[in-house]
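This is work23.txt. It holds compact mmCIF, C-alpha atoms.
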# COMPACT_ATOMS: atom_id res chain seq x y z
CA MET G 1 11.29 25.22 -7.22
CA ILE G 2 11.62 23.46 -3.88
CA SER G 3 11.30 20.00 -2.38
CA GLY G 4 12.11 21.14 1.15
CA GLY G 5 15.25 19.04 1.35
CA LEU G 6 18.62 20.41 2.38
CA ASP G 7 19.64 21.60 -1.08
CA SER G 8 16.51 23.59 -1.76
CA SER G 9 16.58 24.97 1.81
CA LEU G 10 20.04 26.35 1.14
CA ALA G 11 19.21 27.64 -2.33
CA VAL G 12 16.20 29.57 -0.99
CA ARG G 13 18.29 31.17 1.73
CA LEU G 14 21.11 32.12 -0.64
CA ILE G 15 18.65 33.97 -2.85
CA LEU G 16 16.77 35.57 0.05
CA GLN G 17 20.10 36.81 1.43
CA GLN G 18 20.46 38.90 -1.70
CA GLY G 19 17.22 40.70 -0.93
CA ILE G 20 15.32 39.01 -3.73
CA GLU G 21 11.65 38.20 -3.26
CA VAL G 22 11.03 34.47 -3.57
CA VAL G 23 7.86 32.55 -4.35
CA ALA G 24 8.23 28.78 -4.07
CA VAL G 25 6.63 26.15 -6.20
CA ASN G 26 6.40 22.49 -5.29
CA PHE G 27 5.12 19.78 -7.61
CA SER G 28 3.05 16.83 -6.50
CA THR G 29 3.65 13.85 -8.80
CA GLY G 30 1.85 11.20 -6.77
CA PHE G 31 5.12 9.30 -6.25
CA CYS G 32 6.34 11.00 -3.10
CA LEU G 33 7.56 8.61 -0.41
CA THR G 34 6.21 10.79 2.40
CA ASP G 35 2.73 10.74 0.84
CA TYR G 36 2.90 6.95 0.66
CA GLN G 37 4.20 6.69 4.24
CA ARG G 38 1.22 8.71 5.41
CA ARG G 39 -1.11 6.21 3.82
CA VAL G 40 0.39 3.29 5.71
CA ALA G 41 1.55 5.17 8.83
CA ARG G 42 1.91 2.80 11.75
CA LYS G 43 0.21 3.56 15.03
CA GLY G 44 2.35 5.79 17.20
CA GLN G 45 4.42 7.09 14.29
CA ASP G 46 5.42 10.70 14.85
CA PRO G 47 3.32 12.75 12.36
CA LYS G 48 5.97 15.46 12.41
CA LYS G 49 8.21 13.14 10.42
CA LEU G 50 5.50 12.92 7.75
CA ARG G 51 4.97 16.64 7.36
CA ASN G 52 5.21 18.32 3.98
CA GLN G 53 8.80 19.55 3.84
CA ALA G 54 8.15 22.20 1.19
CA LEU G 55 5.53 23.81 3.43
CA ARG G 56 7.89 23.58 6.38
CA LEU G 57 10.58 25.41 4.43
CA GLY G 58 8.08 28.03 3.27
CA ALA G 59 7.02 28.70 6.86
CA GLU G 60 10.61 28.89 8.11
CA THR G 61 11.64 31.38 5.48
CA ASP G 62 8.32 33.25 5.09
CA VAL G 63 8.24 32.26 1.45
CA PRO G 64 4.79 31.49 0.00
CA VAL G 65 4.55 27.99 -1.39
CA LYS G 66 2.38 27.06 -4.34
CA ILE G 67 1.77 23.32 -4.60
CA ILE G 68 0.92 22.22 -8.12
CA ASP G 69 -0.65 18.84 -8.73
CA ILE G 70 0.87 17.33 -11.88
CA ALA G 71 0.03 13.71 -11.07
CA GLN G 72 -2.15 13.04 -14.10
CA GLU G 73 0.25 14.45 -16.69
CA TYR G 74 3.15 12.88 -14.86
CA LEU G 75 1.73 9.43 -15.45
CA GLU G 76 2.30 9.78 -19.21
CA VAL G 77 5.86 10.98 -18.64
CA LEU G 78 6.46 7.95 -16.46
CA LYS G 79 5.13 5.53 -19.05
CA TYR G 80 6.74 7.06 -22.13
CA PRO G 81 9.83 9.04 -21.16
CA ARG G 82 11.50 10.64 -24.17
CA TYR G 83 14.90 10.50 -22.49
CA GLY G 84 14.45 7.08 -20.92
CA TYR G 85 14.75 5.87 -17.36
CA GLY G 86 17.56 6.10 -14.86
CA LYS G 87 18.63 2.93 -13.05
CA ASN G 88 15.06 2.17 -12.02
CA VAL G 89 11.68 3.49 -13.17
CA ASN G 90 12.78 7.08 -12.70
CA PRO G 91 12.34 9.27 -15.79
CA CYS G 92 14.45 12.00 -14.20
CA VAL G 93 15.30 14.04 -17.29
CA ASP G 94 11.73 14.13 -18.58
CA CYS G 95 10.54 14.79 -15.04
CA ARG G 96 12.82 17.80 -14.68
CA ILE G 97 11.86 19.13 -18.11
CA MET G 98 8.19 18.86 -17.22
CA MET G 99 8.61 20.52 -13.84
CA MET G 100 10.82 23.29 -15.20
CA SER G 101 8.34 23.95 -18.01
CA LYS G 102 5.56 24.27 -15.44
CA ALA G 103 7.79 26.46 -13.29
CA ARG G 104 8.41 28.69 -16.33
CA GLU G 105 4.66 29.04 -16.88
CA PHE G 106 4.23 29.94 -13.21
CA MET G 107 7.14 32.40 -13.42
CA GLN G 108 5.45 34.14 -16.34
CA GLU G 109 2.06 34.07 -14.61
CA ILE G 110 3.33 35.90 -11.53
CA GLY G 111 5.79 38.13 -13.41
CA ALA G 112 8.93 36.68 -11.82
CA SER G 113 12.39 37.11 -13.40
CA PHE G 114 13.89 33.65 -13.07
CA VAL G 115 13.52 30.13 -11.68
CA PHE G 116 16.01 28.59 -9.30
CA THR G 117 16.44 25.12 -7.86
CA GLY G 118 18.63 23.34 -5.32
CA GLU G 119 20.24 21.15 -7.98
CA VAL G 120 23.93 20.37 -7.59
CA LEU G 121 26.12 19.64 -10.58
CA GLY G 122 27.11 15.97 -10.67
CA GLN G 123 25.06 15.01 -7.63
CA ARG G 124 22.65 12.70 -9.42
CA PRO G 125 23.77 10.52 -12.28
CA LYS G 126 20.76 10.84 -14.54
CA SER G 127 19.68 14.44 -14.38
CA GLN G 128 22.48 16.54 -12.92
CA LYS G 129 25.34 16.12 -15.37
CA ARG G 130 26.52 19.32 -16.99
CA ARG G 131 25.10 18.40 -20.40
CA THR G 132 21.80 17.24 -18.93
CA LEU G 133 21.35 20.40 -16.90
CA ALA G 134 21.81 22.40 -20.11
CA LEU G 135 19.36 20.15 -21.96
CA ILE G 136 16.71 20.57 -19.26
CA GLU G 137 17.17 24.32 -19.30
CA ARG G 138 16.79 24.43 -23.08
CA GLU G 139 13.88 22.00 -23.36
CA SER G 140 11.89 23.73 -20.65
CA GLY G 141 12.19 27.10 -22.39
CA LEU G 142 14.12 28.60 -19.48
CA GLU G 143 17.39 29.33 -21.27
CA GLY G 144 19.33 31.90 -19.25
CA ARG G 145 16.59 32.06 -16.63
CA LEU G 146 17.27 28.87 -14.70
CA LEU G 147 19.67 29.43 -11.84
CA ARG G 148 21.27 26.71 -9.70
CA PRO G 149 22.63 28.75 -6.78
CA LEU G 150 24.55 25.82 -5.23
CA SER G 151 26.58 25.18 -8.39
CA ALA G 152 26.24 28.52 -10.17
CA LYS G 153 29.97 29.29 -10.24
CA LEU G 154 30.60 26.09 -12.18
CA LEU G 155 27.90 26.81 -14.75
CA PRO G 156 27.59 29.47 -17.47
CA PRO G 157 26.28 32.77 -16.05
CA THR G 158 22.53 33.17 -16.42
CA ILE G 159 20.85 36.33 -17.73
CA VAL G 160 19.94 37.37 -14.18
CA GLU G 161 23.59 37.10 -13.10
CA ARG G 162 24.81 39.00 -16.16
CA GLU G 163 22.25 41.72 -15.61
CA GLY G 164 23.25 42.04 -11.96
CA LEU G 165 19.92 41.00 -10.46
CA VAL G 166 21.75 38.16 -8.74
CA ASP G 167 25.30 38.54 -7.44
CA ARG G 168 27.14 35.48 -8.77
CA GLU G 169 29.95 36.02 -6.25
CA GLN G 170 27.62 35.14 -3.39
CA LEU G 171 26.62 31.84 -4.98
CA MET G 172 28.33 28.46 -4.59
CA ALA G 173 30.46 26.04 -6.60
CA PHE G 174 29.26 22.74 -5.14
CA HIS G 175 29.82 19.65 -7.19
CA GLY G 176 29.32 15.90 -6.82
CA ARG G 177 27.68 13.54 -4.40
CA SER G 178 29.36 14.60 -1.16
CA ARG G 179 27.01 16.39 1.22
CA LYS G 180 29.82 17.95 3.27
CA PRO G 181 29.82 21.37 1.55
CA GLN G 182 26.04 21.60 2.00
CA GLU G 183 26.32 20.60 5.65
CA ARG G 184 28.99 23.27 6.22
CA LEU G 185 26.82 25.90 4.53
CA ALA G 186 23.81 24.76 6.56
CA GLU G 187 25.80 25.32 9.73
CA GLU G 188 26.89 28.73 8.52
CA LEU G 189 23.32 29.72 7.65
CA GLN G 190 22.01 28.14 10.87
CA VAL G 191 19.79 25.72 9.02
CA THR G 192 19.19 22.99 11.54
CA GLU G 193 15.99 21.37 10.38
CA TYR G 194 15.99 19.41 7.15
CA PRO G 195 14.83 15.90 6.28
CA GLN G 196 17.19 12.97 6.61
CA PRO G 197 18.31 10.89 4.86
CA ALA G 198 18.97 12.96 1.79
CA GLY G 199 18.40 11.75 -1.75
CA GLY G 200 14.91 12.93 -2.50
CA CYS G 201 11.58 11.49 -1.60
CA CYS G 202 10.58 10.03 -4.97
CA TYR G 203 10.10 6.27 -4.79
CA LEU G 204 10.51 5.77 -8.54
CA THR G 205 14.20 5.25 -7.76
CA ASP G 206 13.41 2.22 -5.56
CA PRO G 207 14.68 -0.94 -7.37
CA ASN G 208 11.99 -3.22 -5.89
CA TYR G 209 9.27 -0.83 -6.90
CA ALA G 210 10.73 -0.50 -10.39
CA ARG G 211 10.70 -4.28 -10.92
CA ARG G 212 7.00 -4.39 -10.08
CA VAL G 213 6.16 -1.50 -12.38
CA PHE G 214 8.14 -3.01 -15.26
CA ASP G 215 6.40 -6.33 -14.61
CA LEU G 216 3.09 -4.51 -15.04
CA PHE G 217 4.30 -2.82 -18.23
CA ASP G 218 5.68 -6.13 -19.56
CA HIS G 219 2.30 -7.76 -19.08
CA GLY G 220 0.51 -5.47 -21.50
CA LEU G 221 -0.79 -2.99 -18.93
CA LYS G 222 1.38 0.00 -19.73
CA ALA G 223 -1.20 1.99 -21.69
CA LYS G 224 -4.02 1.55 -19.21
CA ALA G 225 -2.03 1.63 -15.95
CA SER G 226 -3.54 4.22 -13.62
CA HIS G 227 -2.16 5.93 -10.53
CA GLU G 228 -4.06 3.35 -8.51
CA ASP G 229 -2.32 0.48 -10.35
CA LEU G 230 1.04 2.10 -9.75
CA LEU G 231 0.29 2.79 -6.10
CA LEU G 232 -0.64 -0.86 -5.71
CA CYS G 233 2.88 -1.73 -6.92
CA LYS G 234 4.20 0.00 -3.79
CA LEU G 235 2.16 -2.06 -1.36
CA GLY G 236 2.79 -5.50 0.11
CA ARG G 237 4.42 -8.60 -1.37
CA HIS G 238 3.67 -9.24 -5.04
CA PHE G 239 3.29 -12.63 -6.69
CA ARG G 240 2.96 -13.05 -10.46
CA VAL G 241 0.71 -16.12 -10.46
CA SER G 242 -0.30 -16.01 -14.14
CA GLU G 243 0.26 -13.94 -17.26
CA ARG G 244 -2.88 -11.98 -16.48
CA ALA G 245 -3.02 -11.88 -12.69
CA LYS G 246 -1.00 -10.82 -9.72
CA VAL G 247 -1.53 -11.43 -6.01
CA ILE G 248 -0.69 -8.76 -3.44
CA VAL G 249 -0.27 -9.67 0.22
CA GLY G 250 -0.23 -7.07 3.01
CA ARG G 251 2.81 -7.13 5.30
CA PHE G 252 1.51 -5.35 8.40
CA GLU G 253 -1.72 -4.10 9.91
CA GLU G 254 -1.73 -0.61 8.39
CA GLU G 255 -0.80 -1.93 4.97
CA ASN G 256 -3.64 -4.45 5.20
CA ALA G 257 -6.00 -1.60 6.09
CA PHE G 258 -4.89 0.43 3.08
CA LEU G 259 -4.98 -2.60 0.82
CA ARG G 260 -8.60 -3.11 1.84
CA ASN G 261 -9.53 -0.08 -0.32
CA PHE G 262 -8.20 -1.92 -3.37
CA GLY G 263 -10.18 -4.99 -2.30
CA LEU G 264 -13.42 -3.10 -2.85
CA THR G 265 -13.01 -3.49 -6.61
CA ARG G 266 -10.94 -6.69 -6.68
CA PRO G 267 -11.23 -10.16 -5.12
CA SER G 268 -9.77 -10.14 -1.60
CA MET G 269 -8.94 -12.87 0.90
CA GLU G 270 -8.21 -13.46 4.58
CA ALA G 271 -7.72 -16.57 6.71
CA VAL G 272 -10.89 -17.58 8.57
CA ASP G 273 -9.34 -19.20 11.65
CA HIS G 274 -5.94 -17.52 11.93
CA VAL G 275 -4.40 -14.09 12.16
CA GLY G 276 -2.95 -13.20 8.80
CA PRO G 277 -2.67 -10.76 5.94
CA LEU G 278 -5.22 -9.31 3.60
CA THR G 279 -4.65 -10.47 0.03
CA VAL G 280 -5.89 -8.80 -3.13
CA VAL G 281 -6.00 -10.33 -6.60
CA ASP G 282 -5.26 -7.90 -9.40
CA GLY G 283 -6.10 -8.91 -12.97
CA GLU G 284 -8.09 -11.79 -14.41
CA ALA G 285 -9.06 -13.95 -11.46
CA ASP G 286 -10.12 -17.39 -12.73
CA GLU G 287 -10.54 -20.34 -10.36
CA GLU G 288 -6.90 -21.42 -10.70
CA VAL G 289 -5.67 -17.92 -9.88
CA LEU G 290 -8.00 -17.69 -6.89
CA THR G 291 -6.76 -21.04 -5.55
CA ARG G 292 -3.16 -19.90 -5.91
CA ALA G 293 -4.00 -16.64 -4.14
CA ALA G 294 -5.70 -18.56 -1.33
CA ARG G 295 -2.63 -20.81 -0.91
CA ILE G 296 -0.40 -17.72 -0.76
CA THR G 297 -2.70 -16.15 1.85
CA ALA G 298 -2.48 -19.38 3.89
CA ARG G 299 1.31 -19.34 3.56
CA TYR G 300 1.50 -15.94 5.30
CA CYS G 301 -1.07 -16.49 8.05
CA ASP G 302 -0.40 -17.97 11.50
CA GLY G 303 -1.78 -21.30 10.31
CA HIS G 304 0.91 -21.80 7.65
CA ALA G 305 2.10 -25.05 9.30
CA GLU G 306 -1.41 -26.59 9.24
CA PRO G 307 -2.19 -29.14 6.51
CA ARG G 308 -5.34 -27.25 5.43
CA VAL G 309 -6.36 -23.64 6.00
CA ARG G 310 -9.73 -22.01 5.39
CA ILE G 311 -9.60 -18.77 3.42
CA ARG G 312 -12.49 -16.33 3.08
CA LEU G 313 -12.81 -15.00 -0.46
CA THR G 314 -14.78 -11.79 -1.01
CA GLU G 315 -15.79 -10.72 -4.52
CA GLY G 316 -18.09 -7.74 -4.26
CA GLU G 317 -21.17 -8.91 -2.38
CA LYS G 318 -20.27 -12.56 -2.83
CA VAL G 319 -18.40 -14.35 -0.02
CA ARG G 320 -17.25 -17.98 0.00
CA VAL G 321 -14.65 -20.09 1.78
CA LEU G 322 -11.84 -21.98 0.07
CA GLU G 323 -9.97 -24.72 1.93
CA VAL G 324 -6.39 -24.98 0.72
CA THR G 325 -2.92 -26.32 1.50
CA PRO G 326 -0.55 -23.46 2.35
CA LEU G 327 2.02 -22.80 -0.32
CA SER G 328 5.52 -24.03 0.53
CA PRO G 329 8.27 -21.39 0.83
CA VAL G 330 9.93 -22.78 -2.32
CA GLU G 331 6.72 -22.48 -4.33
CA ALA G 332 6.12 -18.97 -3.00
CA GLU G 333 9.63 -17.98 -4.00
CA ALA G 334 8.98 -18.98 -7.60
CA TRP G 335 6.09 -16.52 -7.98
CA LEU G 336 7.44 -13.74 -5.80
CA LEU G 337 8.32 -10.53 -7.62
CA ARG G 338 11.43 -9.15 -6.01
CA MET E 1 -26.15 54.72 17.64
CA VAL E 2 -26.61 51.20 16.40
CA VAL E 3 -23.61 49.21 15.35
CA ALA E 4 -24.41 46.23 13.23
CA MET E 5 -21.87 43.46 13.68
CA THR E 6 -21.80 41.03 10.81
CA LYS E 7 -20.40 37.66 11.48
CA PRO E 8 -17.67 36.72 8.98
CA ARG E 9 -18.77 34.15 6.45
CA GLU E 10 -17.64 30.68 7.48
CA ILE E 11 -17.52 27.74 5.13
CA GLU E 12 -16.64 24.11 5.66
CA LEU E 13 -13.99 22.10 3.85
CA ASP E 14 -14.21 18.39 4.51
CA VAL E 15 -11.02 16.68 3.37
CA ARG E 16 -11.30 13.61 5.56
CA GLY E 17 -9.87 10.56 3.82
CA ARG E 18 -7.55 12.73 1.74
CA LEU E 19 -3.83 12.88 2.37
CA CYS E 20 -1.10 15.40 1.63
CA PRO E 21 -1.00 17.39 -0.53
CA ALA E 22 -4.75 17.13 -1.31
CA PRO E 23 -6.03 18.99 1.80
CA ILE E 24 -3.72 21.93 1.21
CA LEU E 25 -4.38 21.97 -2.53
CA GLU E 26 -8.12 22.01 -1.94
CA LEU E 27 -7.83 24.69 0.71
CA ALA E 28 -5.70 26.86 -1.60
CA GLN E 29 -8.22 26.51 -4.42
CA LEU E 30 -11.19 27.21 -2.17
CA ILE E 31 -9.67 30.20 -0.40
CA ALA E 32 -8.75 31.79 -3.74
CA ARG E 33 -12.46 32.03 -4.61
CA GLN E 34 -13.52 33.64 -1.32
CA GLU E 35 -13.72 37.21 -0.10
CA VAL E 36 -11.12 38.54 2.32
CA GLY E 37 -12.27 37.82 5.87
CA THR E 38 -13.96 34.52 5.03
CA VAL E 39 -13.20 31.76 7.51
CA ILE E 40 -12.71 28.21 6.27
CA ALA E 41 -13.16 25.34 8.70
CA VAL E 42 -10.94 22.50 7.51
CA HIS E 43 -11.84 18.99 8.68
CA SER E 44 -9.02 16.51 8.14
CA ASP E 45 -7.97 13.10 9.44
CA ASP E 46 -4.44 13.42 8.06
CA ALA E 47 -2.27 13.47 11.20
CA ALA E 48 0.35 15.65 9.56
CA ILE E 49 -2.21 18.41 8.91
CA ALA E 50 -1.35 19.65 12.40
CA PHE E 51 2.01 20.68 10.91
CA ASP E 52 1.09 21.37 7.30
CA LEU E 53 -1.81 23.73 7.93
CA PRO E 54 0.09 26.11 10.25
CA ALA E 55 3.05 26.01 7.85
CA TRP E 56 0.86 26.83 4.85
CA CYS E 57 -0.81 29.71 6.72
CA GLN E 58 2.55 31.06 7.85
CA SER E 59 4.01 30.95 4.35
CA THR E 60 0.99 32.37 2.53
CA GLY E 61 -0.02 35.01 5.08
CA HIS E 62 -3.50 33.71 5.91
CA GLU E 63 -4.48 33.56 9.56
CA LEU E 64 -4.70 30.27 11.37
CA ILE E 65 -7.32 31.09 13.97
CA ALA E 66 -7.02 27.72 15.72
CA ILE E 67 -6.36 24.09 15.12
CA GLU E 68 -7.67 21.46 17.46
CA GLN E 69 -7.54 17.70 17.59
CA ARG E 70 -10.81 15.80 18.00
CA GLY E 71 -10.02 12.12 18.30
CA ASN E 72 -8.34 11.08 15.07
CA GLU E 73 -9.39 14.23 13.29
CA HIS E 74 -8.28 17.85 13.24
CA LEU E 75 -10.37 20.95 12.83
CA GLY E 76 -8.42 23.96 11.62
CA ARG E 77 -9.98 27.39 11.09
CA VAL E 78 -8.29 29.66 8.60
CA ARG E 79 -9.18 33.27 7.84
CA LYS E 80 -8.47 34.66 4.38
CA MET E 81 -6.29 37.73 4.87
CA HIS E 82 -5.54 38.99 1.38
CA ASP E 83 -6.36 38.65 -2.29
CA ARG E 84 -2.86 37.94 -3.54
CA THR E 85 -2.40 34.86 -5.69
CA LEU E 86 -0.31 33.39 -2.91

Now, as a test, write the supplied structure out as structure tokens.
Amino acid sequence: MISGGLDSSLAVRLILQQGIEVVAVNFSTGFCLTDYQRRVARKGQDPKKLRNQALRLGAETDVPVKIIDIAQEYLEVLKYPRYGYGKNVNPCVDCRIMMMSKAREFMQEIGASFVFTGEVLGQRPKSQKRRTLALIERESGLEGRLLRPLSAKLLPPTIVEREGLVDREQLMAFHGRSRKPQERLAEELQVTEYPQPAGGCCYLTDPNYARRVFDLFDHGLKAKASHEDLLLCKLGRHFRVSERAKVIVGRFEEENAFLRNFGLTRPSMEAVDHVGPLTVVDGEADEEVLTRAARITARYCDGHAEPRVRIRLTEGEKVRVLEVTPLSPVEAEAWLLR
Amino acid sequence: MVVAMTKPREIELDVRGRLCPAPILELAQLIARQEVGTVIAVHSDDAAIAFDLPAWCQSTGHELIAIEQRGNEHLGRVRKMHDRTL
């Protein structure tokens, strides 16, 4: 199971070095930072930096990569994690159990002998403690068949090590958060290309994002929240203007362009006479909410110092203009979801 | 002697507007249902496809005949080389 980061790059090479045939699997959850960055990529951004790292690793090592889309099932895991969240909205233990279970199914489907990952004992607080690694192995039905080559010497021998399919002596005993041992091994194995910074590409660990998602859940939208709702939490500045509505303001041109897609099914706003953001209203948009949204839009456009600003409101086919006083920074602060 | 040359079957995959990993997922699903030798023309406006498509072909053993940029879009042509799952 690979992400394409440094740890999985090393794990793949350690296993290949033993002459073992490897087939890689990579899971798409819909919460990958690179996927999001592609959606709002700024003009002139180097597309190479946005490439799929799992595919890159597969090409470098001649290992076939199977990408499995688990986004829909993942949504339920995210909303109702059996083992709870980490520091943010990251259900890491449930996530690993789900992925490992899927990897086990894939292993059985292709007749493979074991699953391995780039996990390092003690590297991540939620999912890589000794007890948690054992729990994940058990819950996913991979007991004895889940190898962590980078920390194998610190963990109980797996069936494949005991049976001699994998030589435990050639595996590692990495532990903890330091990346130095991995960097030394990378040098030794001549691995020069891997994404930086390290730490995974899942944005569920982002504290700002987590606050917005929990705000959504706290406002009675947990059960019906879709991937689109959760993607919207990643975009722009968010203002909780009422119990039933939120205002989202784009921060730069590409974000405005992406936000426009959400504006097709929601009220959206832009300043008429000034350069400014695109704003989308999510939830129940009564007249009071729309006025607040218009004042927020005025606050972030180039006319924010004017006494009155004209804002174009689009609701489906219907377009009208609201003239409002821009919100003061203090007022904006009160509604801003940080 | 008459030699009949049959042109390999070519089919189109339009994944414009879709971003990673959707284009690769769709290509993988489509290619799995085709006969060996079939060429798939992949139309994508995902800038990173210029890296992902060659990488996917390299790792799975299908042939990337060519990939070319046309404005903001890419056209990649991939030939199915085998019937393996991957």

Interface list for chain E, partner chain G, 9 Å threshold, only C-alpha atoms, as a VMD selection string: chain E and resid 19 to 22 24 to 25 28 46 to 61 85 to 86

From G:Arg104, G:His274, G:Lys43, G:Lys222, residue lying nearest Leu78 in chain G [all atoms listed in the file]: G:Lys222

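The shell of residues at most 8 Å from Val15 in chain E, with all atoms listed in the file counted and near chain neighbours (fewer than 4 positions) removed, consists of Ala22, Pro23, Val42, His43, Ser44 and Asp45 of chain E.
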
Ref. answer, residues at most 7 Å from (-5.6, 28.6, 9.1) with all atoms listed in the file, as a PyMOL selection string: chain E and resi 53-54+57+62-66+76-79

File of the preceding selection, C-alpha atoms, as a PDB file, in the coordinates of the input:
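Listing of out.pdb after writing:
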ATOM      1  CA  LEU E  53      -1.810  23.730   7.930  1.00  0.00           C
ATOM      2  CA  PRO E  54       0.090  26.110  10.250  1.00  0.00           C
ATOM      3  CA  CYS E  57      -0.810  29.710   6.720  1.00  0.00           C
ATOM      4  CA  HIS E  62      -3.500  33.710   5.910  1.00  0.00           C
ATOM      5  CA  GLU E  63      -4.480  33.560   9.560  1.00  0.00           C
ATOM      6  CA  LEU E  64      -4.700  30.270  11.370  1.00  0.00           C
ATOM      7  CA  ILE E  65      -7.320  31.090  13.970  1.00  0.00           C
ATOM      8  CA  ALA E  66      -7.020  27.720  15.720  1.00  0.00           C
ATOM      9  CA  GLY E  76      -8.420  23.960  11.620  1.00  0.00           C
ATOM     10  CA  ARG E  77      -9.980  27.390  11.090  1.00  0.00           C
ATOM     11  CA  VAL E  78      -8.290  29.660   8.600  1.00  0.00           C
ATOM     12  CA  ARG E  79      -9.180  33.270   7.840  1.00  0.00           C
TER      13      ARG E  79
END

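The protein and nucleic acid residues lying at most 12 Å from Glu143 in chain G are G:Met100, G:Ser101, G:Arg104, G:Phe114, G:Val115, G:Leu133, G:Ala134, G:Leu135, G:Ile136, G:Glu137, G:Arg138, G:Glu139, G:Ser140, G:Leu146, G:Leu147, G:Pro156, G:Pro157, G:Thr158, G:Ile159, G:Val160, with only C-alpha atoms considered and sequence neighbours fewer than 3 positions away removed.
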
G:Ser151, G:Ser226, G:Thr192, G:Thr279 ranked by distance to Glu76 in chain G, top pick (using only C-alpha atoms):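 When distances to Glu76 in chain G are compared using only C-alpha atoms, the smallest one comes from G:Ser226.
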
Using all atoms listed in the file: which of G:Leu75, G:Val40, G:Leu259, G:Leu14 has the shortest distance to Lys224 in chain G: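 The shortest atom-to-atom distance to Lys224 in chain G comes from G:Leu75.
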
Atomic distance CA of Arg145 in chain G - CA of Arg124 in chain G, expressed in Å with one decimal: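 If I compute the distance from CA of Arg145 in chain G to CA of Arg124 in chain G, I get 21.5 Å.
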
Å distance separating CA of Asn26 in chain G from CA of Asp94 in chain G, one decimal place: 16.6 Å

Given 6 Å of margin on each side, can you work out the centre and size in Å (one decimal) of an axis-aligned box holding every listed atom of range 161-178 of chain G, as lines of an AutoDock Vina configuration file?
center_x = 25.2
center_y = 27.8
center_z = -8.7
size_x = 22.5
size_y = 40.5
size_z = 27.0

7 Å contact set for Lys80 in chain E, all atoms listed in the file, chain neighbours under 6 positions out, as a ChimeraX atom specification: /E:31,36-39,62-63

May I have the residues within 10 Å of range 179-181 of chain G as a CSV table (one decimal) with C-alpha atoms, in the coordinates of the input, using only C-alpha atoms and disregarding those fewer than 6 positions away in the same chain?
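The resulting file, part.csv, is reproduced below:
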chain,number,residue,atom,x,y,z
G,6,LEU,CA,18.6,20.4,2.4
G,7,ASP,CA,19.6,21.6,-1.1
G,123,GLN,CA,25.1,15.0,-7.6
G,150,LEU,CA,24.6,25.8,-5.2
G,172,MET,CA,28.3,28.5,-4.6
G,173,ALA,CA,30.5,26.0,-6.6
G,187,GLU,CA,25.8,25.3,9.7
G,198,ALA,CA,19.0,13.0,1.8

Between CA of Gly86 in chain G and CA of Gly122 in chain G, distance in Å (one decimal): 14.4 Å

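Among the candidates G:Gly283, G:Gly250, G:Gly44, G:Gly176, the one nearest to Ile296 in chain G when counting all atoms listed in the file is G:Gly250.
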
Cut-off 12 Å around (0.1, -23.0, 5.8) with all atoms listed in the file: residues as a count of residues only: 31
